[in-house]
Amino acid sequence: MSILAKGLVVNNGQTLKNALYWLEGKLVTHKVNKGKPAGTPMSATTIKNYLAGFYVLDLYKADGYIYSETNTKKTTASISVQSTIKVINSLQDISHNLPSIEVFNENLTQICSQYSQLVKDYTNARFQLHEKHQLSENPEAALLQKLLIQHCGYSYVGNPGVGYLDLFYRDKIQIDNYLNLLDFILNNYRDIAQKSLGLVPVAQIRDRVVKQVSDYTEEDLKKHLIQLQLTHRIELRTTKSQLARNMGIDLIDIRGVKYGFIKILEPAIAV
């Protein structure tokens with residue numbers, strides 16, 4: 001996603017065709033498709049379909065050159081490659097500063113939530129289905145499609161329709177999960193952290209959150225701590241076993257490394 005965004009930003013004010021030329025050869029497939037192995041360079045058509053996703057999410061504007069493709073089954077609208085593109089300022093900002101893919105994905109999710117009417121409508125539809133029909137956060141695709149059509153006015157599910165938006169929604173849930181963990185840590189350990197240079201024993205957090213949140217596991221904790229580190233909100237601090245014993249704290253193994261503390265980074269601890 002970050003490469004696609006950069007392709008649009010670098011070619012802002014030029015045609016969509018320029019963005020396609022810039023992106024060709026920079027993107028590859030991640031799985032076998034139509035007999036072609038993973039790692040095969042994406043075709044211009046595939047890249048254009050991804051860029052169309054950015055368009056329907058209101059992340060850039062085209063200058064009006066939209067044409068129809070009609071066959072016996074359906075009619076679709078497509079952006080002409082001769083259209084001049086104008087990228088919204090927020091997408092330009094996050095594309096110029098890319099500290100990590102995780103941070104980019106989080107920023108992109110926030111932008112879509114703020115600027116994309118499609119995302120706003122879809123998020124509201126998912127909320128209504130959750131409230132009225134007890135739809136889970138990660139439903140079966142067939143059930144989601146059925147309920148959206150029956151109750152929310154959706155007439156089809158396709159790319160860049162609900163299938164694309166469901167991927168966005170799953171990313172949003174993942175981001176919300178690790179941000180909720182940060183809120184939990186700050187609510188319960190801010191005072192301790194402010195007195196100890198931001199340091200909090202990992203085992204204390206584990207014991208408290210697993211006890212208080214019934215469906216939260218130690219594996220959830222480890223995954224979310226890694227994501228908080230990747231997004232530069234905490235640091236995981238290794239601790240020697242003897243020192244840990246002397247201090248009376250347990251070590252937590254995360255991906256083969258034993259950690260004794262997290263350090264909450266500014267500005268989180270100051271909020």
# chains A, B, ... in the order shown; residues from 1 in each chain; ligands from 1
>>> residues_around(residues="Tyr154 in chain A", least_positions_apart="6", cutoff="12 Å", atoms="only C-alpha atoms", output="number ranges by chain")
A: 118, 121-122, 125-126, 144-148, 161-162
>>> residues_around(residues="range 252-260 of chain A", least_positions_apart="5", cutoff="8 Å", atoms="only C-alpha atoms", output="number ranges by chain")
A: 201-203, 222, 236-239, 244
>>> select_by_dssp(residues="range 145-216 of chain A", states="helix (DSSP H, G or I)", output="MDAnalysis selection string")
chainID A and resid 145:151 162:195 202:212
>>> residues_around(residues="Tyr115 in chain A", least_positions_apart="3", cutoff="7 Å", atoms="only C-alpha atoms", output="PyMOL selection string")
chain A and resi 58+111-112
>>> residues_around(residues="Ile262 in chain A", least_positions_apart="5", cutoff="12 Å", atoms="only C-alpha atoms", output="ChimeraX atom specification")
/A:182,185-186,189,192-193,196-206,222,225-226,228-229,232-239,251-252
>>> atom_distance(atom1="CA of Glu106 in chain A", atom2="CA of Leu20 in chain A")
24.8 Å
>>> closest_residue(among="A:Leu27, A:Leu59, A:Ile88, A:Leu167", to="Ala44 in chain A", atoms="only C-alpha atoms")
A:Leu27
>>> closest_residue(among="A:Leu135, A:Ile149, A:Ala52, A:Val119", to="Lys172 in chain A", atoms="only C-alpha atoms")
A:Val119
>>> closest_residue(among="A:Asp63, A:Glu137, A:Glu102, A:Asp207", to="Lys86 in chain A", atoms="only C-alpha atoms")
A:Asp63
>>> atom_distance(atom1="CA of Ser116 in chain A", atom2="CA of Val56 in chain A")
7.9 Å
